[in-house]
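Student: Okay, here's the structure, questions in a sec.
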Amino acid sequence: MLSVWFPRLASDARLRRRPCDAPFALSLRAGNTDHLHCLNGQALAAGLSRGMALADARALCPGLVTEPANLASEAAVLSALVHMAQRWSPLVARDGADGLITDISGVAHLFGGEHGLLEDLHARMARAGFACAVGVADTRGAAYALARHGGGQYGGGVAESDRILAAIGRLPPAALRLDHDTVTGLERLGLRSIRDLTQVPRAPLARRFGPGLMLRLDQALGVQSEPVSPERQAPHYGVRLTLPDPIGLQSDVMAGLSRLLHRLCASLASNHHGARRLALELRRVDGVTALAEIGLARPMCDAGRMAALFARAVDDIDAGFGIDQLRLTAPVVEPMAPEQMDQTRAVGADKLHDLITRLGNRVGFDRVQRYAPAQSHIPEKSFLVLSAAYTDGDEGEVLAHAGRPLLIFPPEAIAASGPAPPARFSWRRMAFTTAHSTGPERIAPEWWLDDPAWRSGLRDYWKLETLQGRRLWLFHTPQAPAWYVQGEFA
Amino acid sequence: MPSPTVLPKLAPFRVHEVGGAGAHAFAMVQAGAAVGPVVYICPSHDTDRLLPSGVAQLLPPARLMMVQAVGEVDLLWATEEALRSGAVGFVIAAPQKPLSLTAGRRLQLAAEAGRCTGLLMIRDGMGSNAAQTRWHCAPEWRAPELLGRDSTLHKWSLIKNKEGTLGDWCVGWNEKARAICVVPPVGQRREAAQAAL
């Protein structure tokens, strides 16, 4: 077993992105105060420690640079490290919030023995900018203890096979993954090392501290087994095709693409995923990479349809002196449950989704829209405009309203005065004579929202039928007297 | 002469044109009579937008899908794609410039291939020779003492027809039947008409 401990995981990850040549710490708010969560080497050298109140730390070290910690990004960094550690063994799991545990039985010889493996690991971690301490032992508990409390070469230590107790005997009981109360209780009894624990009778200890202490001790010494359960990695959707000779014809690229799509779709389908976005990278012989990217209106894993939708994007690609590698990835995937085959409806719906995909890839998915109802009595806010690619048509139906026009536009001021509709007016350089007016319909602004368009207050809406034929929707604002045209009826 | 009381239907799987102030209402009525989804393609800078609660009187807004095209080329491309896709029943587009004969023919071929009817909302005098029919629609005011009050009257004139004759119809929206109905022209007494001659 190989245990890796990152003593400064969060600050290392942050300083990797933006280095800082000063004492640096990440602070975490717990209750009502900020505490130091993770420090860099300079801050530790200045006498600060983890868990110290931020105000105290500032008093001790006025030049301290701090930033709030982000636990979610810390977990993401650790899962990236899990991915990286798969280089050394296929069985990797996270161990706590700042460590990894790896089962390296039978793989160390690939790196020239355990020491070769540790050198490789340390070199790579140092290049990545992470400080780490490593423990190697036959059992998971012993490896953990050596990594965190070993203090030998590489920060941790190596326990030779069948000499576990010799390697970890001098370490304090806290190295056995015990809780704080147990550790304090053992201190009071004068049991200051793991070796001390093995030399006192087990039964009184178990009676006093519970079976957990004996379990941890047995796990560390190898009496009880404790396997590593590796995490399941998120499936990776990327396939590539490398060609012995460069290709340049569009039909050849499409043929290569269709091979890649079949492989990608098989892996998507086996994980019940559908691609929402596809990227095809074409590496040219002159080293330039051309990119063809498409979005899809629905999660999809149908190779034939995807190839047809790619045709236009591939059409725009300049092959230069030829393409010798194709790489297809699905950067955005969504879960897609298997669907019941339906002879009647599916074909038409698929064609419509393909149309939305083609339109969206050229004019933009936000410009292919559908209407959905909205909760507002303000006419221009009585509906939502949603992207058709992200709606299923089950948002409900906008209800008809006989007093609403067919067309609506931003209010256009006209010259008129008084609360009664004008007998004659001119709008868009056309003169109108009112023949019949219906109204007013008073609409009050939504006082709970500050909408600049409604700052003029109440609106009295009128439907005006003109002798010229057009039927217009006008409103008068009694609180700031003016007349506007806002719509036209059918 | 076509019958003054029967409105000719738009020939299916062809592209038609409509102009005038009542073009939007004409388009919505024709789309409501068609089967399947309706695609409405307009330029993105157009400030006149359809209001769904008003549209719902003529056509269920759930059938409507809008595309805002950024240029004239994109608008025509989107129209052709929508007509050719075979997934939609009716396509409405509002080109801003006169259509060339080539573009008009391409749209006709796309409509036939996709078995879909198209309607271009054109400005006055911008029609293409490829259009199957061209209509001019304008809302109309008629004094209530003539035939009672009706605030939905339109005058629809067929001003170009490749296969048939031209004509004028005065139509109104029948709310109960949810359909368009032809209003008989206002009768002029024979004597008065002859006296006027």
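By order of appearance in the structure tokens: chains A, B, ..., then residues from 1 within every chain, and ligands from 1 in the order shown.
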Can you tell me, as a PyMOL selection string, what residues are no more than 8 Å from Ala138 of chain B when counting only C-alpha atoms, ignoring any on the same chain fewer than 3 positions away?
Tutor: (chain A and resi 469-470) or (chain B and resi 20-23+154-156)
Student: Set out as a tab-separated table a contact list for chain B and chain A with a cut-off of 9 Å, giving each residue of chain B that qualifies its closest atom pair and distance in Å to one decimal, counting only C-alpha atoms, ordered by chain and rising residue number.
Tutor:
```
residue	atom	partner	partner_atom	distance
B:Ala21	CA	A:Arg470	CA	7.6
B:Gly22	CA	A:Ala490	CA	6.8
B:His24	CA	A:Ala490	CA	7.5
B:Ala25	CA	A:Ala490	CA	5.1
B:Phe26	CA	A:Ala490	CA	8.6
B:Pro37	CA	A:Leu352	CA	8.7
B:Ser44	CA	A:Arg367	CA	8.3
B:Thr47	CA	A:Phe409	CA	5.7
B:Asp48	CA	A:Phe409	CA	4.8
B:Arg49	CA	A:Ile408	CA	5.3
B:Leu50	CA	A:Leu407	CA	4.6
B:Leu51	CA	A:Leu407	CA	5.5
B:Pro52	CA	A:Val398	CA	6.4
B:Ser53	CA	A:Ala400	CA	4.6
B:Gly54	CA	A:Leu406	CA	4.5
B:Val55	CA	A:Leu406	CA	5.4
B:Ala56	CA	A:Ala400	CA	4.6
B:Gln57	CA	A:Ala400	CA	5.3
B:Leu58	CA	A:Ala400	CA	8.8
B:Pro60	CA	A:Glu397	CA	7.8
B:Pro61	CA	A:Tyr371	CA	6.6
B:Ala62	CA	A:Glu397	CA	6.3
B:Arg63	CA	A:Arg370	CA	8.7
B:Leu64	CA	A:Arg370	CA	6.7
B:Met65	CA	A:Arg370	CA	5.1
B:Met66	CA	A:Gln369	CA	5.0
B:Val67	CA	A:Val368	CA	4.5
B:Gln68	CA	A:Arg367	CA	5.2
B:Ala69	CA	A:Val363	CA	6.1
B:Val70	CA	A:Val363	CA	7.0
B:Asp74	CA	A:Val363	CA	7.2
B:Trp77	CA	A:Leu359	CA	9.0
B:Ala78	CA	A:Leu359	CA	6.4
B:Glu81	CA	A:Leu355	CA	7.4
B:Ala82	CA	A:Leu355	CA	6.8
B:Ser85	CA	A:Leu355	CA	6.4
B:Gly86	CA	A:Lys351	CA	7.1
B:Ala87	CA	A:Leu352	CA	5.0
B:Val88	CA	A:Leu352	CA	7.1
B:Ala138	CA	A:Gly469	CA	7.2
B:Pro139	CA	A:Gly469	CA	4.9
B:Glu140	CA	A:Gly469	CA	4.0
B:Trp141	CA	A:Gly469	CA	4.6
B:Arg142	CA	A:Leu467	CA	8.1
B:Ala143	CA	A:Ala435	CA	8.6
B:Ser151	CA	A:Glu465	CA	7.6
B:Thr152	CA	A:Ala490	CA	6.8
B:Leu153	CA	A:Gly469	CA	8.6
B:His154	CA	A:Gly469	CA	8.2
```
Student: Hey, what does DSSP flag as helix (DSSP H, G or I) within segment 129-318 of chain A? Can you give it to me as a ChimeraX atom specification?
Tutor: /A:140-149,153-155,164-168,173-176,180-189,194-199,202-209,211-221,250-270,303-315
Student: Can you list every residue in segment 238-277 of chain A that DSSP puts in strand (DSSP E), as a PyMOL selection string?
Tutor: chain A and resi 238-247+273-277
Student: Excluding segment 284-294 of chain A and its own-chain neighbours fewer than 3 positions away, which residues fall within 6 Å of it when counting only C-alpha atoms? Please give them as a list in words.
Tutor: Arg277, Leu278, Ala279, Leu280, Glu281, Ala313, Gly322, Ile323 and Asp324 of chain A
Student: Find the residue from B:His45, B:Gly127, B:Trp135, B:Leu99 that sits nearest to Val18 of chain B; use only C-alpha atoms when measuring.
Tutor: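 The closest residue to Val18 of chain B is B:Trp135.
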Student: Near Thr133 of chain B, counting only C-alpha atoms, which residues have an atom at most 7 Å away, once you skip same-chain residues fewer than 6 positions from it, shown as number ranges by chain?
Tutor: B: 16-17, 160-162
Student: Applying 10 Å and only C-alpha atoms, which residues near Arg263 of chain A remain after dropping the ones on its own chain fewer than 3 positions away? List them as a ChimeraX atom specification.
Tutor: /A:237-240,257-260,266-268,303,328
Student: Keeping only all heavy atoms, write the selected residues as a short mmCIF file (atom, residue, chain, number, x, y, z; two decimals), in the first residue's frame.
Tutor:
```
data_model
loop_
_atom_site.label_atom_id
_atom_site.label_comp_id
_atom_site.auth_asym_id
_atom_site.auth_seq_id
_atom_site.Cartn_x
_atom_site.Cartn_y
_atom_site.Cartn_z
N TYR A 237 -15.17 10.59 -22.81
CA TYR A 237 -15.69 10.45 -24.16
C TYR A 237 -14.74 11.12 -25.14
O TYR A 237 -14.87 12.30 -25.42
CB TYR A 237 -17.09 11.05 -24.24
CG TYR A 237 -18.07 10.32 -23.37
CD1 TYR A 237 -18.68 10.95 -22.31
CD2 TYR A 237 -18.34 8.99 -23.60
CE1 TYR A 237 -19.56 10.27 -21.49
CE2 TYR A 237 -19.21 8.30 -22.78
CZ TYR A 237 -19.81 8.95 -21.74
OH TYR A 237 -20.67 8.27 -20.93
N GLY A 238 -13.79 10.38 -25.59
CA GLY A 238 -12.86 10.90 -26.58
C GLY A 238 -12.28 9.72 -27.34
O GLY A 238 -11.90 8.71 -26.74
N VAL A 239 -12.27 9.82 -28.65
CA VAL A 239 -11.69 8.75 -29.47
C VAL A 239 -10.80 9.41 -30.52
O VAL A 239 -11.01 10.56 -30.88
CB VAL A 239 -12.78 7.90 -30.17
CG1 VAL A 239 -13.40 6.93 -29.21
CG2 VAL A 239 -13.84 8.77 -30.80
N ARG A 240 -9.79 8.66 -30.97
CA ARG A 240 -8.91 9.25 -31.97
C ARG A 240 -8.57 8.22 -33.03
O ARG A 240 -8.70 7.01 -32.82
CB ARG A 240 -7.67 9.83 -31.34
CG ARG A 240 -6.72 8.79 -30.79
CD ARG A 240 -5.46 9.46 -30.31
NE ARG A 240 -5.68 10.18 -29.07
CZ ARG A 240 -4.90 11.15 -28.65
NH1 ARG A 240 -3.89 11.56 -29.39
NH2 ARG A 240 -5.11 11.74 -27.50
N LEU A 257 -14.56 10.18 -39.74
CA LEU A 257 -15.45 10.66 -38.69
C LEU A 257 -16.51 9.62 -38.36
O LEU A 257 -16.85 9.42 -37.19
CB LEU A 257 -16.10 11.97 -39.15
CG LEU A 257 -17.16 12.56 -38.24
CD1 LEU A 257 -16.54 12.97 -36.93
CD2 LEU A 257 -17.83 13.76 -38.88
N SER A 258 -17.03 8.96 -39.38
CA SER A 258 -18.10 8.01 -39.09
C SER A 258 -17.57 6.81 -38.30
O SER A 258 -18.25 6.29 -37.43
CB SER A 258 -18.80 7.62 -40.39
OG SER A 258 -18.54 6.31 -40.71
N ARG A 259 -16.29 6.41 -38.55
CA ARG A 259 -15.70 5.36 -37.71
C ARG A 259 -15.60 5.81 -36.26
O ARG A 259 -15.91 5.07 -35.33
CB ARG A 259 -14.29 5.04 -38.20
CG ARG A 259 -14.27 4.24 -39.46
CD ARG A 259 -12.87 3.72 -39.65
NE ARG A 259 -12.69 3.25 -41.01
CZ ARG A 259 -11.58 2.71 -41.45
NH1 ARG A 259 -10.55 2.58 -40.64
NH2 ARG A 259 -11.48 2.29 -42.68
N LEU A 260 -15.12 7.07 -36.09
CA LEU A 260 -14.97 7.58 -34.73
C LEU A 260 -16.33 7.69 -34.04
O LEU A 260 -16.46 7.37 -32.86
CB LEU A 260 -14.31 8.96 -34.76
CG LEU A 260 -12.84 9.00 -35.15
CD1 LEU A 260 -12.35 10.43 -35.16
CD2 LEU A 260 -12.03 8.20 -34.16
N ALA A 266 -20.96 4.07 -29.17
CA ALA A 266 -21.04 2.83 -28.41
C ALA A 266 -20.72 3.10 -26.95
O ALA A 266 -21.41 2.59 -26.04
CB ALA A 266 -20.07 1.81 -28.99
N SER A 267 -19.71 3.94 -26.69
CA SER A 267 -19.38 4.18 -25.29
C SER A 267 -20.42 5.08 -24.64
O SER A 267 -20.71 4.93 -23.46
CB SER A 267 -17.96 4.73 -25.17
OG SER A 267 -17.97 6.12 -25.10
N LEU A 268 -21.01 6.01 -25.40
CA LEU A 268 -22.09 6.84 -24.84
C LEU A 268 -23.29 5.96 -24.48
O LEU A 268 -23.86 6.08 -23.39
CB LEU A 268 -22.52 7.89 -25.87
CG LEU A 268 -21.65 9.13 -26.04
CD1 LEU A 268 -22.09 9.89 -27.28
CD2 LEU A 268 -21.74 10.01 -24.84
N ALA A 303 -25.00 7.57 -34.40
CA ALA A 303 -23.84 7.93 -35.22
C ALA A 303 -24.25 8.47 -36.59
O ALA A 303 -23.67 9.45 -37.08
CB ALA A 303 -22.94 6.72 -35.38
N LEU A 328 -12.03 12.95 -31.79
CA LEU A 328 -13.42 13.35 -31.58
C LEU A 328 -13.71 13.27 -30.09
O LEU A 328 -13.46 12.25 -29.45
CB LEU A 328 -14.34 12.40 -32.34
CG LEU A 328 -15.83 12.67 -32.22
CD1 LEU A 328 -16.21 13.94 -32.95
CD2 LEU A 328 -16.62 11.51 -32.78
#
```
Student: For segment 221-227 of chain A, please output as number ranges by chain all residues within 9 Å (counting only C-alpha atoms; exclusion window: fewer than 6 positions along the same chain).
Tutor: A: 103, 138-142, 164-165, 215
Student: Write to file, as a PDB file, in the first residue's frame, the residues of the selection just made, with all heavy atoms.
Tutor:
```
ATOM      1  N   ASP A 103      -3.063   0.964  -3.938  1.00  0.00           N
ATOM      2  CA  ASP A 103      -2.581  -0.415  -3.781  1.00  0.00           C
ATOM      3  C   ASP A 103      -1.531  -0.664  -4.856  1.00  0.00           C
ATOM      4  O   ASP A 103      -1.853  -0.749  -6.029  1.00  0.00           O
ATOM      5  CB  ASP A 103      -3.770  -1.376  -3.921  1.00  0.00           C
ATOM      6  CG  ASP A 103      -3.374  -2.774  -3.515  1.00  0.00           C
ATOM      7  OD1 ASP A 103      -2.160  -3.019  -3.390  1.00  0.00           O
ATOM      8  OD2 ASP A 103      -4.267  -3.624  -3.327  1.00  0.00           O
ATOM      9  N   ASP A 138       2.901  -2.659   4.185  1.00  0.00           N
ATOM     10  CA  ASP A 138       2.062  -3.767   3.741  1.00  0.00           C
ATOM     11  C   ASP A 138       0.593  -3.501   4.011  1.00  0.00           C
ATOM     12  O   ASP A 138      -0.278  -4.061   3.340  1.00  0.00           O
ATOM     13  CB  ASP A 138       2.479  -5.050   4.469  1.00  0.00           C
ATOM     14  CG  ASP A 138       3.679  -5.681   3.790  1.00  0.00           C
ATOM     15  OD1 ASP A 138       4.099  -5.117   2.767  1.00  0.00           O
ATOM     16  OD2 ASP A 138       4.179  -6.695   4.284  1.00  0.00           O
ATOM     17  N   THR A 139       0.303  -2.705   5.026  1.00  0.00           N
ATOM     18  CA  THR A 139      -1.103  -2.460   5.365  1.00  0.00           C
ATOM     19  C   THR A 139      -1.437  -0.993   5.137  1.00  0.00           C
ATOM     20  O   THR A 139      -0.549  -0.121   5.147  1.00  0.00           O
ATOM     21  CB  THR A 139      -1.389  -2.785   6.832  1.00  0.00           C
ATOM     22  OG1 THR A 139      -0.633  -1.886   7.628  1.00  0.00           O
ATOM     23  CG2 THR A 139      -1.005  -4.215   7.146  1.00  0.00           C
ATOM     24  N   ARG A 140      -2.730  -0.760   4.977  1.00  0.00           N
ATOM     25  CA  ARG A 140      -3.199   0.596   4.704  1.00  0.00           C
ATOM     26  C   ARG A 140      -2.970   1.498   5.922  1.00  0.00           C
ATOM     27  O   ARG A 140      -2.545   2.649   5.791  1.00  0.00           O
ATOM     28  CB  ARG A 140      -4.698   0.530   4.375  1.00  0.00           C
ATOM     29  CG  ARG A 140      -5.260   1.847   3.976  1.00  0.00           C
ATOM     30  CD  ARG A 140      -6.685   1.688   3.522  1.00  0.00           C
ATOM     31  NE  ARG A 140      -7.296   2.999   3.383  1.00  0.00           N
ATOM     32  CZ  ARG A 140      -8.467   3.217   2.868  1.00  0.00           C
ATOM     33  NH1 ARG A 140      -9.189   2.201   2.427  1.00  0.00           N
ATOM     34  NH2 ARG A 140      -8.956   4.432   2.770  1.00  0.00           N
ATOM     35  N   GLY A 141      -3.244   0.953   7.118  1.00  0.00           N
ATOM     36  CA  GLY A 141      -3.092   1.749   8.335  1.00  0.00           C
ATOM     37  C   GLY A 141      -1.645   2.159   8.547  1.00  0.00           C
ATOM     38  O   GLY A 141      -1.357   3.305   8.907  1.00  0.00           O
ATOM     39  N   ALA A 142      -0.712   1.231   8.301  1.00  0.00           N
ATOM     40  CA  ALA A 142       0.690   1.550   8.512  1.00  0.00           C
ATOM     41  C   ALA A 142       1.173   2.569   7.498  1.00  0.00           C
ATOM     42  O   ALA A 142       1.945   3.485   7.833  1.00  0.00           O
ATOM     43  CB  ALA A 142       1.514   0.272   8.420  1.00  0.00           C
ATOM     44  N   ILE A 164       6.537  -4.389  10.171  1.00  0.00           N
ATOM     45  CA  ILE A 164       5.656  -3.222  10.286  1.00  0.00           C
ATOM     46  C   ILE A 164       5.822  -2.564  11.644  1.00  0.00           C
ATOM     47  O   ILE A 164       5.979  -1.343  11.750  1.00  0.00           O
ATOM     48  CB  ILE A 164       4.192  -3.638  10.072  1.00  0.00           C
ATOM     49  CG1 ILE A 164       4.004  -4.101   8.632  1.00  0.00           C
ATOM     50  CG2 ILE A 164       3.271  -2.486  10.354  1.00  0.00           C
ATOM     51  CD1 ILE A 164       2.639  -4.601   8.345  1.00  0.00           C
ATOM     52  N   LEU A 165       5.807  -3.399  12.691  1.00  0.00           N
ATOM     53  CA  LEU A 165       5.829  -2.831  14.028  1.00  0.00           C
ATOM     54  C   LEU A 165       7.132  -2.066  14.263  1.00  0.00           C
ATOM     55  O   LEU A 165       7.130  -1.007  14.897  1.00  0.00           O
ATOM     56  CB  LEU A 165       5.650  -3.948  15.060  1.00  0.00           C
ATOM     57  CG  LEU A 165       5.464  -3.460  16.483  1.00  0.00           C
ATOM     58  CD1 LEU A 165       4.270  -2.531  16.580  1.00  0.00           C
ATOM     59  CD2 LEU A 165       5.314  -4.614  17.436  1.00  0.00           C
ATOM     60  N   LEU A 215      -9.416  -2.251  16.602  1.00  0.00           N
ATOM     61  CA  LEU A 215      -9.595  -2.476  15.162  1.00  0.00           C
ATOM     62  C   LEU A 215      -8.529  -1.711  14.367  1.00  0.00           C
ATOM     63  O   LEU A 215      -7.890  -2.264  13.477  1.00  0.00           O
ATOM     64  CB  LEU A 215     -10.996  -2.029  14.754  1.00  0.00           C
ATOM     65  CG  LEU A 215     -11.284  -2.137  13.264  1.00  0.00           C
ATOM     66  CD1 LEU A 215     -11.399  -3.585  12.848  1.00  0.00           C
ATOM     67  CD2 LEU A 215     -12.554  -1.382  12.892  1.00  0.00           C
TER      68      LEU A 215
END
```
